>>> print(open('coords33.csv').read())   # CSV, C-alpha atoms
chain,number,residue,atom,x,y,z
A,1439,MET,CA,80.3,93.5,141.0
A,1440,SER,CA,80.1,95.2,144.3
A,1441,ALA,CA,82.3,92.4,145.7
A,1442,LEU,CA,84.8,93.1,143.0
A,1443,LEU,CA,84.7,96.8,143.7
A,1444,SER,CA,85.2,96.4,147.4
A,1445,LEU,CA,88.1,94.0,146.6
A,1446,GLY,CA,89.6,96.8,144.5
A,1447,GLY,CA,89.0,99.2,147.4
A,1448,VAL,CA,90.6,96.9,149.9
A,1449,ALA,CA,93.6,96.4,147.6
A,1450,ALA,CA,93.8,100.1,147.0
A,1451,GLY,CA,94.0,101.0,150.7
A,1452,PRO,CA,97.4,99.8,151.9
A,1453,VAL,CA,98.8,99.8,148.4
A,1454,GLY,CA,98.1,103.4,147.9
A,1455,THR,CA,99.9,104.5,151.1
A,1456,ALA,CA,102.9,102.4,150.5
A,1457,LEU,CA,103.1,103.6,146.9
A,1458,ALA,CA,102.9,107.3,148.0
A,1459,ASP,CA,105.4,106.9,150.7
A,1460,THR,CA,108.1,104.7,149.1
A,1461,GLY,CA,107.3,104.7,145.4
A,1462,ARG,CA,107.2,100.9,145.6
A,1463,THR,CA,104.2,98.7,145.4
A,1464,SER,CA,103.2,96.2,148.1
A,1465,SER,CA,104.8,92.8,147.9
A,1466,ALA,CA,101.4,91.2,147.4
A,1467,GLU,CA,101.0,93.3,144.2
A,1468,ALA,CA,104.5,92.4,143.2
A,1469,VAL,CA,103.7,88.7,143.5
A,1470,LEU,CA,100.5,89.2,141.5
A,1471,PHE,CA,102.5,91.0,138.8
A,1472,TRP,CA,105.2,88.4,138.5
A,1473,VAL,CA,102.5,85.7,138.3
A,1474,ILE,CA,100.3,87.5,135.8
A,1475,GLY,CA,103.1,89.2,133.7
A,1476,PRO,CA,104.8,86.1,132.4
A,1477,VAL,CA,101.4,84.5,131.6
A,1478,MET,CA,100.5,87.6,129.6
A,1479,VAL,CA,103.8,87.6,127.7
A,1480,LEU,CA,103.5,83.9,126.9
A,1481,ALA,CA,99.9,84.3,125.7
A,1482,ALA,CA,100.9,87.2,123.5
A,1483,LEU,CA,103.7,85.1,122.0
A,1484,GLY,CA,101.0,82.5,121.4
A,1485,LEU,CA,99.3,85.1,119.2
A,1486,LEU,CA,102.5,85.6,117.3
A,1487,PHE,CA,103.3,82.0,116.7
A,1488,ALA,CA,100.0,80.0,116.8
A,1489,ARG,CA,99.4,78.3,113.6
A,1490,ARG,CA,95.6,78.2,114.0
A,1491,THR,CA,93.6,81.3,114.1
A,1492,VAL,CA,91.3,80.1,116.9
A,1493,TYR,CA,94.3,79.4,119.2
A,1494,ALA,CA,95.6,83.0,118.5
A,1495,ALA,CA,92.2,84.4,119.4
A,1496,MET,CA,92.0,82.3,122.6
A,1497,SER,CA,95.5,83.5,123.7
A,1498,VAL,CA,94.4,87.1,123.2
A,1499,VAL,CA,91.5,86.3,125.4
A,1500,VAL,CA,93.9,85.2,128.1
A,1501,VAL,CA,95.9,88.4,127.7
A,1502,MET,CA,92.8,90.5,128.1
A,1503,ILE,CA,91.5,88.7,131.2
A,1504,CYS,CA,95.0,89.1,132.8
A,1505,LEU,CA,94.9,92.8,131.9
A,1506,ALA,CA,91.6,93.1,133.7
A,1507,VAL,CA,93.2,91.6,136.8
A,1508,LEU,CA,96.1,94.1,136.5
A,1509,TYR,CA,93.6,96.9,136.2
A,1510,VAL,CA,91.9,95.9,139.4
A,1511,ALA,CA,95.2,95.7,141.1
A,1512,GLN,CA,96.1,99.1,139.8
A,1513,GLU,CA,93.1,100.7,141.5
A,1514,ALA,CA,91.0,100.8,138.4
A,1515,PRO,CA,88.2,98.3,139.2
A,1516,PHE,CA,85.8,100.0,136.8
A,1517,LEU,CA,88.1,99.6,133.9
A,1518,GLY,CA,88.7,96.0,135.0
A,1519,VAL,CA,85.0,95.2,134.7
A,1520,VAL,CA,84.7,97.1,131.4
A,1521,GLN,CA,87.7,95.2,130.1
A,1522,VAL,CA,86.0,91.9,130.8
A,1523,VAL,CA,82.6,92.9,129.6
A,1524,VAL,CA,83.6,94.9,126.5
A,1525,TYR,CA,86.8,93.2,125.3
A,1526,THR,CA,86.6,89.6,126.5
A,1527,GLY,CA,82.9,89.5,126.3
A,1528,ALA,CA,82.0,91.4,123.2
A,1529,VAL,CA,85.0,92.1,121.0
A,1530,MET,CA,86.6,88.7,121.3
A,1531,MET,CA,83.3,86.9,120.8
A,1532,LEU,CA,82.8,89.0,117.7
A,1533,PHE,CA,86.2,87.8,116.5
A,1534,LEU,CA,85.2,84.2,117.1
A,1535,PHE,CA,82.0,84.8,115.2
A,1536,VAL,CA,83.9,86.1,112.2
A,1537,LEU,CA,86.3,83.1,112.5
A,1538,MET,CA,83.2,80.9,112.3
A,1539,LEU,CA,82.0,82.8,109.2
A,1540,VAL,CA,85.3,82.7,107.5
A,1541,GLY,CA,85.9,79.1,108.5
A,1542,VAL,CA,89.1,77.2,108.6
A,1543,ASP,CA,91.4,79.1,106.3
A,1544,PRO,CA,94.6,77.6,105.2
A,1545,SER,CA,95.7,81.0,103.8
A,1546,ASP,CA,98.2,81.6,106.6
A,1547,SER,CA,100.8,79.5,105.0
A,1548,LEU,CA,104.5,79.7,105.8
A,1549,THR,CA,105.7,80.7,102.4
A,1550,GLU,CA,107.0,84.2,102.3
A,1551,THR,CA,105.7,86.4,99.5
A,1552,ILE,CA,108.1,89.2,100.2
A,1553,LYS,CA,111.6,87.9,100.5
A,1554,GLY,CA,113.1,88.3,103.9
A,1555,GLN,CA,110.0,89.8,105.3
A,1556,ARG,CA,110.0,87.7,108.4
A,1557,TRP,CA,113.6,88.5,109.4
A,1558,ILE,CA,113.2,92.2,108.7
A,1559,SER,CA,110.0,92.2,110.8
A,1560,ALA,CA,111.7,90.3,113.6
A,1561,LEU,CA,114.5,92.8,113.6
A,1562,LEU,CA,112.1,95.8,113.6
A,1563,GLY,CA,110.1,94.2,116.4
A,1564,ILE,CA,113.2,93.6,118.6
A,1565,GLY,CA,114.4,97.1,117.8
A,1566,LEU,CA,111.1,98.6,118.8
A,1567,GLY,CA,111.0,96.6,122.0
A,1568,VAL,CA,114.6,97.6,123.0
A,1569,VAL,CA,113.8,101.3,122.3
A,1570,LEU,CA,110.5,101.2,124.3
A,1571,VAL,CA,111.9,99.3,127.3
A,1572,SER,CA,115.1,101.4,127.5
A,1573,VAL,CA,113.1,104.6,127.3
A,1574,VAL,CA,110.9,103.4,130.2
A,1575,LEU,CA,113.9,102.3,132.2
A,1576,ASN,CA,115.8,105.6,131.6
A,1577,ALA,CA,112.8,107.7,132.5
A,1578,GLY,CA,114.1,107.9,136.0
A,1579,ASP,CA,111.4,109.5,138.2
A,1580,PHE,CA,108.7,107.1,139.1
A,1581,ALA,CA,107.4,109.0,142.1
A,1582,SER,CA,103.9,107.8,142.4
A,1583,ARG,CA,101.0,109.4,144.2
A,1584,GLY,CA,98.5,106.5,144.0
A,1585,LEU,CA,94.8,107.0,143.5
A,1586,GLU,CA,93.7,107.1,147.1
A,1587,ALA,CA,92.5,110.7,147.0
A,1588,ALA,CA,90.9,110.4,143.6
A,1589,ASN,CA,89.1,107.2,144.6
A,1590,THR,CA,87.7,108.4,147.9
A,1591,GLU,CA,84.1,108.1,146.6
A,1592,THR,CA,84.8,104.7,145.0
A,1593,ASN,CA,86.5,104.4,141.6
A,1594,PRO,CA,83.4,104.4,139.3
A,1595,VAL,CA,82.1,107.6,140.9
A,1596,GLY,CA,85.5,109.3,140.4
A,1597,VAL,CA,85.7,108.1,136.8
A,1598,ALA,CA,82.1,109.2,136.1
A,1599,GLN,CA,82.9,112.7,137.5
A,1600,VAL,CA,85.8,113.0,135.1
A,1601,ILE,CA,83.9,111.6,132.1
A,1602,PHE,CA,80.8,113.7,132.6
A,1603,GLY,CA,82.8,116.7,133.8
A,1604,ASP,CA,85.8,117.3,131.6
A,1605,PHE,CA,85.1,114.9,128.8
A,1606,VAL,CA,81.4,115.3,128.3
A,1607,PHE,CA,81.8,116.6,124.7
A,1608,ASP,CA,84.2,113.7,123.9
A,1609,LEU,CA,81.6,111.3,125.2
A,1610,GLN,CA,79.0,112.6,122.8
A,1611,VAL,CA,81.4,112.4,119.9
A,1612,VAL,CA,82.3,108.9,120.8
A,1613,GLY,CA,78.5,108.1,120.9
A,1614,ILE,CA,78.2,109.4,117.4
A,1615,LEU,CA,81.2,107.3,116.4
A,1616,LEU,CA,79.6,104.2,117.8
A,1617,VAL,CA,76.3,104.8,115.9
A,1618,THR,CA,78.4,105.4,112.7
A,1619,ALA,CA,80.3,102.2,113.2
A,1620,ALA,CA,77.1,100.2,113.6
A,1621,LEU,CA,75.7,101.7,110.4
A,1622,GLY,CA,79.0,101.1,108.7
A,1623,ALA,CA,79.0,97.5,109.6
A,1624,LEU,CA,75.4,97.2,108.3
A,1625,VAL,CA,76.3,98.8,105.0
A,1626,LEU,CA,79.5,96.8,104.6
A,1627,THR,CA,78.0,93.4,105.2
A,1628,HIS,CA,74.8,94.2,103.2
A,1629,ARG,CA,74.5,92.4,100.0
A,1630,GLU,CA,72.3,93.6,97.2
A,1631,ARG,CA,70.6,90.8,95.4
A,1632,ILE,CA,71.5,91.1,91.7
A,1633,THR,CA,70.6,87.6,90.6
A,1634,ARG,CA,67.4,85.6,91.1
A,1635,ARG,CA,67.0,83.9,94.4
A,1636,ILE,CA,68.2,80.3,94.2
A,1637,GLY,CA,65.8,78.2,96.2
A,1638,GLN,CA,65.4,74.5,96.8
A,1639,ARG,CA,63.7,73.8,93.5
A,1640,GLU,CA,66.4,75.6,91.4
A,1641,ARG,CA,69.1,73.7,93.3
A,1642,SER,CA,67.5,70.3,92.7
A,1643,GLU,CA,66.9,71.0,89.0
A,1644,ALA,CA,70.5,72.1,88.6
A,1645,ARG,CA,71.7,69.0,90.4
A,1646,ILE,CA,69.7,66.7,88.1
A,1647,LEU,CA,70.9,68.6,85.0
A,1648,ALA,CA,74.5,68.3,86.1
A,1649,GLY,CA,74.1,64.5,86.6
A,1650,GLU,CA,75.5,64.5,90.1
A,1651,THR,CA,74.7,62.0,92.8
A,1652,LEU,CA,71.0,62.4,93.4
A,1653,THR,CA,70.7,60.1,96.4
A,1654,PRO,CA,72.2,61.0,99.8
A,1655,LEU,CA,75.9,60.2,100.0
A,1656,PRO,CA,76.7,56.9,101.8
A,1657,ALA,CA,76.9,56.9,105.6
A,1658,PRO,CA,80.2,56.3,107.4
A,1659,GLY,CA,81.1,52.8,108.3
A,1660,VAL,CA,79.9,50.9,111.3
A,1661,TYR,CA,82.5,48.4,112.6
A,1662,ALA,CA,82.8,46.3,115.7
A,1663,ARG,CA,85.3,48.7,117.2
A,1664,SER,CA,84.2,52.0,115.7
A,1665,ASN,CA,80.9,53.7,115.0
A,1666,ALA,CA,82.3,57.1,114.3
A,1667,MET,CA,82.2,59.6,111.4
A,1668,ASP,CA,85.9,59.3,110.5
A,1669,VAL,CA,85.9,55.8,109.1
A,1670,PRO,CA,84.7,55.2,105.6
A,1671,ALA,CA,82.1,52.5,104.8
A,1672,LEU,CA,82.9,49.6,102.6
A,1673,GLY,CA,81.2,49.4,99.2
A,1674,PRO,CA,79.6,46.2,97.9
A,1675,ASP,CA,82.9,45.3,96.3
A,1676,GLY,CA,85.0,45.8,99.4
A,1677,ARG,CA,86.5,49.1,98.5
A,1678,PRO,CA,86.3,51.9,101.1
A,1679,LEU,CA,83.9,54.6,100.0
A,1680,ASP,CA,85.6,58.0,100.3
A,1681,ALA,CA,82.4,59.9,99.9
A,1682,SER,CA,81.1,58.4,103.1
A,1683,VAL,CA,83.5,60.5,105.2
A,1684,SER,CA,82.8,64.2,105.7
A,1685,ARG,CA,84.8,66.5,103.4
A,1686,VAL,CA,85.9,68.6,106.4
A,1687,LEU,CA,87.5,65.6,108.1
A,1688,ARG,CA,89.2,64.6,104.8
A,1689,VAL,CA,90.6,68.2,104.4
A,1690,ARG,CA,91.9,68.1,107.9
A,1691,GLY,CA,93.4,64.7,107.4
A,1692,GLN,CA,91.5,63.3,110.3
A,1693,GLU,CA,89.9,60.3,108.6
A,1694,ARG,CA,90.9,56.8,109.7
A,1695,ALA,CA,91.6,53.9,107.4
A,1696,VAL,CA,89.4,50.8,107.5
A,1697,GLU,CA,92.2,48.5,108.6
A,1698,GLU,CA,92.6,50.5,111.8
A,1699,VAL,CA,89.2,49.4,113.1
A,1700,HIS,CA,88.2,46.4,111.1
A,1701,LEU,CA,88.3,43.2,113.2
A,1702,ASP,CA,88.3,40.9,110.2
A,1703,ALA,CA,91.9,41.0,109.1
A,1704,THR,CA,91.2,39.5,105.7
A,1705,ALA,CA,88.4,41.9,104.9
A,1706,ALA,CA,90.5,44.9,106.0
A,1707,GLY,CA,93.5,43.5,104.0
A,1708,ALA,CA,91.3,43.1,101.0
A,1709,ALA,CA,90.0,46.7,101.3
A,1710,ARG,CA,93.5,48.0,101.6
A,1711,HIS,CA,94.6,45.9,98.7
A,1712,LEU,CA,91.8,47.1,96.5
A,1713,ARG,CA,92.4,50.7,97.4
A,1714,ASP,CA,96.1,50.5,96.7
A,1715,ALA,CA,95.3,48.8,93.4
A,1716,ASP,CA,93.0,51.7,92.6
A,1717,GLU,CA,95.5,54.3,93.5
A,1718,GLY,CA,98.3,52.6,91.6
A,1719,LEU,CA,96.4,51.9,88.4
A,1720,GLY,CA,93.9,54.7,88.5
A,1721,GLY,CA,91.0,52.2,88.2
A,1722,PRO,CA,88.0,52.9,86.0
A,1723,GLU,CA,86.1,56.0,87.1
A,1724,GLY,CA,82.6,55.4,88.5
A,1725,VAL,CA,82.9,51.7,88.5
A,1726,GLY,CA,82.1,50.0,91.8
A,1727,SER,CA,82.8,52.3,94.6
A,1728,THR,CA,83.9,55.9,94.4
A,1729,PRO,CA,87.5,56.0,93.3
A,1730,PRO,CA,89.8,57.3,96.0
A,1731,GLN,CA,90.3,61.0,95.6
A,1732,ARG,CA,92.9,62.3,97.9
A,1733,SER,CA,93.3,65.8,96.5
A,1734,ILE,CA,90.5,68.0,97.6
A,1735,THR,CA,89.7,70.5,94.9
A,1736,GLY,CA,87.0,72.5,96.7
A,1737,GLU,CA,84.6,71.7,94.0
A,1738,GLU,CA,83.1,68.8,95.9
A,1739,GLN,CA,79.8,68.8,97.5
A,1740,VAL,CA,79.7,70.1,101.1
A,1741,ARG,CA,77.9,67.5,103.1
B,532,MET,CA,108.7,96.6,142.4
B,533,THR,CA,107.9,100.0,141.1
B,534,LEU,CA,105.3,101.1,138.5
B,535,ALA,CA,108.0,100.9,135.9
B,536,ASN,CA,107.4,97.2,135.7
B,537,TYR,CA,103.9,97.8,134.4
B,538,LEU,CA,105.3,100.1,131.7
B,539,VAL,CA,107.9,97.6,130.7
B,540,LEU,CA,105.2,94.9,130.5
B,541,ALA,CA,103.1,97.3,128.3
B,542,SER,CA,106.1,97.9,126.1
B,543,ILE,CA,106.7,94.2,125.6
B,544,LEU,CA,103.1,93.6,124.8
B,545,PHE,CA,103.1,96.5,122.3
B,546,THR,CA,106.2,95.1,120.6
B,547,ILE,CA,104.7,91.6,120.3
B,548,GLY,CA,101.5,93.1,118.8
B,549,ALA,CA,103.4,95.2,116.3
B,550,THR,CA,105.5,92.2,115.3
B,551,THR,CA,102.4,90.2,114.8
B,552,VAL,CA,101.0,92.9,112.5
B,553,LEU,CA,104.3,92.8,110.5
B,554,VAL,CA,104.8,89.0,110.3
B,555,ARG,CA,101.4,87.4,110.1
B,556,ARG,CA,99.3,87.4,106.9
B,557,ASN,CA,95.9,86.3,108.1
B,558,ALA,CA,93.8,89.5,108.3
B,559,ILE,CA,92.1,88.3,111.5
B,560,ILE,CA,95.4,87.7,113.3
B,561,VAL,CA,96.7,91.0,112.1
B,562,PHE,CA,93.6,92.6,113.6
B,563,LEU,CA,94.3,90.7,116.9
B,564,GLY,CA,97.8,92.2,116.9
B,565,ILE,CA,96.3,95.7,116.6
B,566,GLU,CA,94.0,94.9,119.5
B,567,LEU,CA,97.0,93.8,121.6
B,568,MET,CA,98.7,97.1,120.9
B,569,LEU,CA,95.7,99.1,121.9
B,570,ASN,CA,95.4,97.0,125.1
B,571,SER,CA,99.0,97.6,126.0
B,572,ALA,CA,98.6,101.3,125.5
B,573,ASN,CA,95.6,101.1,127.9
B,574,LEU,CA,97.8,99.4,130.5
B,575,ALA,CA,100.3,102.3,130.2
B,576,PHE,CA,97.4,104.8,130.6
B,577,VAL,CA,96.2,103.1,133.7
B,578,THR,CA,99.7,103.0,135.1
B,579,PHE,CA,100.2,106.7,134.4
B,580,ALA,CA,96.9,107.5,136.0
B,581,ARG,CA,98.1,105.8,139.2
B,582,MET,CA,101.4,107.6,139.0
B,583,HIS,CA,99.9,111.0,138.8
B,584,GLY,CA,97.0,110.4,141.1
B,585,ASP,CA,94.7,111.6,138.4
B,586,LEU,CA,91.8,109.6,137.0
B,587,THR,CA,92.0,111.2,133.6
B,588,GLY,CA,94.3,108.4,132.5
B,589,GLN,CA,91.7,105.8,133.2
B,590,VAL,CA,89.1,107.9,131.4
B,591,VAL,CA,91.4,108.0,128.3
B,592,ALA,CA,91.8,104.3,128.5
B,593,PHE,CA,88.0,104.0,128.6
B,594,PHE,CA,87.7,106.1,125.5
B,595,VAL,CA,90.4,104.0,123.8
B,596,MET,CA,88.2,100.9,124.5
B,597,VAL,CA,85.1,102.5,123.0
B,598,VAL,CA,87.0,103.5,119.9
B,599,ALA,CA,88.6,100.1,119.6
B,600,ALA,CA,85.1,98.5,119.8
B,601,ALA,CA,83.9,100.7,116.9
B,602,GLU,CA,87.1,99.9,115.0
B,603,VAL,CA,86.7,96.2,115.5
B,604,VAL,CA,83.1,96.3,114.2
B,605,VAL,CA,84.1,98.1,111.0
B,606,GLY,CA,87.3,96.1,110.5
B,607,LEU,CA,85.6,92.8,110.8
B,608,ALA,CA,82.8,93.8,108.5
B,609,ILE,CA,85.5,94.7,105.9
B,610,ILE,CA,87.2,91.3,106.4
B,611,VAL,CA,83.9,89.5,105.9
B,612,ALA,CA,83.1,91.6,102.8
B,613,ILE,CA,86.5,90.8,101.4
B,614,TYR,CA,86.2,87.2,102.2
B,615,ARG,CA,82.9,87.0,100.4
B,616,THR,CA,84.4,88.3,97.2
B,617,ARG,CA,87.9,86.8,97.3
B,618,ARG,CA,87.3,83.6,99.4
B,619,SER,CA,90.4,84.4,101.4
B,620,ALA,CA,91.3,86.2,104.6
B,621,SER,CA,94.9,86.6,103.7
B,622,VAL,CA,96.1,90.2,103.4
B,623,ASP,CA,98.4,89.2,100.5
B,624,ASP,CA,95.5,88.3,98.3
B,625,VAL,CA,93.9,91.7,98.5
B,626,ASN,CA,95.4,93.4,95.5
B,627,LEU,CA,92.2,94.9,94.1
B,628,LEU,CA,94.0,98.3,93.5
B,629,LYS,CA,96.6,96.7,91.3
B,630,SER,CA,95.1,97.5,87.9
>>> encode(input="coords33.csv", output="structure tokens")
Amino acid sequence: MSALLSLGGVAAGPVGTALADTGRTSSAEAVLFWVIGPVMVLAALGLLFARRTVYAAMSVVVVMICLAVLYVAQEAPFLGVVQVVVYTGAVMMLFLFVLMLVGVDPSDSLTETIKGQRWISALLGIGLGVVLVSVVLNAGDFASRGLEAANTETNPVGVAQVIFGDFVFDLQVVGILLVTAALGALVLTHRERITRRIGQRERSEARILAGETLTPLPAPGVYARSNAMDVPALGPDGRPLDASVSRVLRVRGQERAVEEVHLDATAAGAARHLRDADEGLGGPEGVGSTPPQRSITGEEQVR
Amino acid sequence: MTLANYLVLASILFTIGATTVLVRRNAIIVFLGIELMLNSANLAFVTFARMHGDLTGQVVAFFVMVVAAAEVVVGLAIIVAIYRTRRSASVDDVNLLKS
């Protein structure tokens, strides 16, 4: 951390004087800005357009790390460190944890529920951007003093003097806010048990009563060229067993067909033929292997 | 390059965040858009601090970070609670107030 702070101090030295004299930043900082800025904008656009939530979260992580770099370049090394620790380290990891809890959610579909919402939103967004940027560009006076004088005793000391001097009451209020938020999260995620606890015995009894498969589901197939989870095993009658592939893989459409890996062309052809026949005729349920069930209803067992 | 560049960058990021909030319907992505807006405001604060030679801007950005952390905790707890009851994280499915 001290290395980072001294880096900020070194960067602040010449930058501050140039800034105070001419109102322009050093060319090194300009290069940094023009490298970091486009990356940030692209990552932010990734948030806007990414189909998967995890990709969106990771692009926001990129934006936040780049922001930390810009903070250090802007003579705010303390905020740069706080940005990495608090935002990238804590907040974004919290987001990823919640993503893990919520799971892969197909709810973010492309169908619009409000007609024309996307176009109106795009128009409003562009309008807002034009207004903000034009206001900034027309503001005129960007005479800058730089933070050299304020950062004489290193940036964290200066920030601490302001926080514990002018803002000490606000600091305490924010502390109360944090405690309240922690309590609020506890209360919101707390679940009162209103039914009897369902343990292993109850589950097994319910399973037997429902007449479901009692044995473990079949293991995925082992072939000469594949020993992976995404290929179904063949049943005794030569049909591929759909239940032998994990439900998650089937939902994502990542399972492979038997004929892709089976060396024995006749056996693979037979498996495909049988499966096609099953799909075409809707063969008898529960006879032989599991009938192919391509539509995932969500009612299936999670393996 | 003047400090106006940083302000323009902050404006662009704010715009993208606001558009995300308007367009996307996954509650978590909407939340990320709000985070992006808060961060761009922080960038503007830090730039203003440098412009005026006063550390108060940085302190305000610090407070924004703290409040954002608290907000994230509560907001994500709400999302998890809604997901538990509705099995969905889409903001369109939350119509509990509709009689």
>>> atom_distance(input="coords33.csv", atom1="atom CA of Thr1592 of chain A", atom2="atom CA of Ala580 of chain B")
15.3 Å
>>> closest_atom_pairs(input="coords33.csv", of="chain B", to="chain A", cutoff="6 Å", atoms="all atoms listed in the file", output="tab-separated table")
residue	atom	partner	partner_atom	distance
B:Met532	CA	A:Arg1462	CA	5.6
B:Thr533	CA	A:Arg1462	CA	4.6
B:Val539	CA	A:Val1571	CA	5.5
B:Ser542	CA	A:Leu1570	CA	5.8
B:Thr546	CA	A:Gly1567	CA	5.2
B:Thr550	CA	A:Gly1563	CA	5.1
B:Thr551	CA	A:Leu1486	CA	5.2
B:Leu553	CA	A:Ser1559	CA	5.7
B:Val554	CA	A:Arg1556	CA	5.7
B:Arg556	CA	A:Asp1546	CA	5.9
B:Asn557	CA	A:Asp1546	CA	5.4
B:Arg581	CA	A:Gly1584	CA	4.9
B:Met582	CA	A:Ser1582	CA	4.2
B:His583	CA	A:Arg1583	CA	5.7
B:Gly584	CA	A:Leu1585	CA	4.7
B:Ala601	CA	A:Ala1619	CA	5.4
B:Val605	CA	A:Ala1623	CA	5.3
B:Ala608	CA	A:Ala1623	CA	5.4
B:Ala612	CA	A:Thr1627	CA	5.9
B:Ser621	CA	A:Ser1545	CA	5.7
>>> atom_distance(input="coords33.csv", atom1="atom CA of Pro1656 of chain A", atom2="atom CA of Ser1682 of chain A")
4.8 Å
>>> closest_residue(input="coords33.csv", among="B:Leu563, B:Arg615, B:Gly588, B:Ala620", to="Glu602 of chain B", atoms="only C-alpha atoms")
B:Leu563
>>> closest_residue(input="coords33.csv", among="B:Leu607, B:Asp585, B:Ala600, B:Leu574", to="Ala535 of chain B", atoms="only C-alpha atoms")
B:Leu574
>>> atom_distance(input="coords33.csv", atom1="atom CA of Ala1644 of chain A", atom2="atom CA of Ser1684 of chain A")
22.5 Å
>>> decode(input="coords33.csv", residues="segment 1561-1573 of chain A", atoms="N, CA and C atoms", output="mmCIF file, in the first residue's frame")
data_model
loop_
_atom_site.group_PDB
_atom_site.id
_atom_site.type_symbol
_atom_site.label_atom_id
_atom_site.label_comp_id
_atom_site.auth_asym_id
_atom_site.auth_seq_id
_atom_site.Cartn_x
_atom_site.Cartn_y
_atom_site.Cartn_z
ATOM 1 N N LEU A 1561 -33.697 6.498 -26.461
ATOM 2 C CA LEU A 1561 -33.813 7.923 -26.768
ATOM 3 C C LEU A 1561 -33.540 8.769 -25.534
ATOM 4 N N LEU A 1562 -34.145 8.378 -24.408
ATOM 5 C CA LEU A 1562 -33.926 9.115 -23.163
ATOM 6 C C LEU A 1562 -32.454 9.071 -22.765
ATOM 7 N N GLY A 1563 -31.830 7.886 -22.931
ATOM 8 C CA GLY A 1563 -30.425 7.760 -22.563
ATOM 9 C C GLY A 1563 -29.548 8.663 -23.409
ATOM 10 N N ILE A 1564 -29.785 8.643 -24.721
ATOM 11 C CA ILE A 1564 -28.976 9.493 -25.601
ATOM 12 C C ILE A 1564 -29.195 10.963 -25.261
ATOM 13 N N GLY A 1565 -30.456 11.315 -24.988
ATOM 14 C CA GLY A 1565 -30.752 12.703 -24.625
ATOM 15 C C GLY A 1565 -30.019 13.122 -23.368
ATOM 16 N N LEU A 1566 -30.059 12.240 -22.361
ATOM 17 C CA LEU A 1566 -29.375 12.540 -21.106
ATOM 18 C C LEU A 1566 -27.881 12.710 -21.336
ATOM 19 N N GLY A 1567 -27.302 11.797 -22.167
ATOM 20 C CA GLY A 1567 -25.874 11.897 -22.441
ATOM 21 C C GLY A 1567 -25.523 13.193 -23.132
ATOM 22 N N VAL A 1568 -26.334 13.579 -24.123
ATOM 23 C CA VAL A 1568 -26.056 14.814 -24.860
ATOM 24 C C VAL A 1568 -26.131 16.007 -23.923
ATOM 25 N N VAL A 1569 -27.154 16.026 -23.073
ATOM 26 C CA VAL A 1569 -27.309 17.155 -22.146
ATOM 27 C C VAL A 1569 -26.111 17.249 -21.207
ATOM 28 N N LEU A 1570 -25.745 16.107 -20.600
ATOM 29 C CA LEU A 1570 -24.658 16.122 -19.614
ATOM 30 C C LEU A 1570 -23.341 16.556 -20.254
ATOM 31 N N VAL A 1571 -23.036 15.932 -21.416
ATOM 32 C CA VAL A 1571 -21.754 16.237 -22.047
ATOM 33 C C VAL A 1571 -21.719 17.687 -22.508
ATOM 34 N N SER A 1572 -22.831 18.180 -23.060
ATOM 35 C CA SER A 1572 -22.806 19.567 -23.540
ATOM 36 C C SER A 1572 -22.700 20.534 -22.376
ATOM 37 N N VAL A 1573 -23.333 20.199 -21.247
ATOM 38 C CA VAL A 1573 -23.199 21.068 -20.068
ATOM 39 C C VAL A 1573 -21.738 21.130 -19.632
#
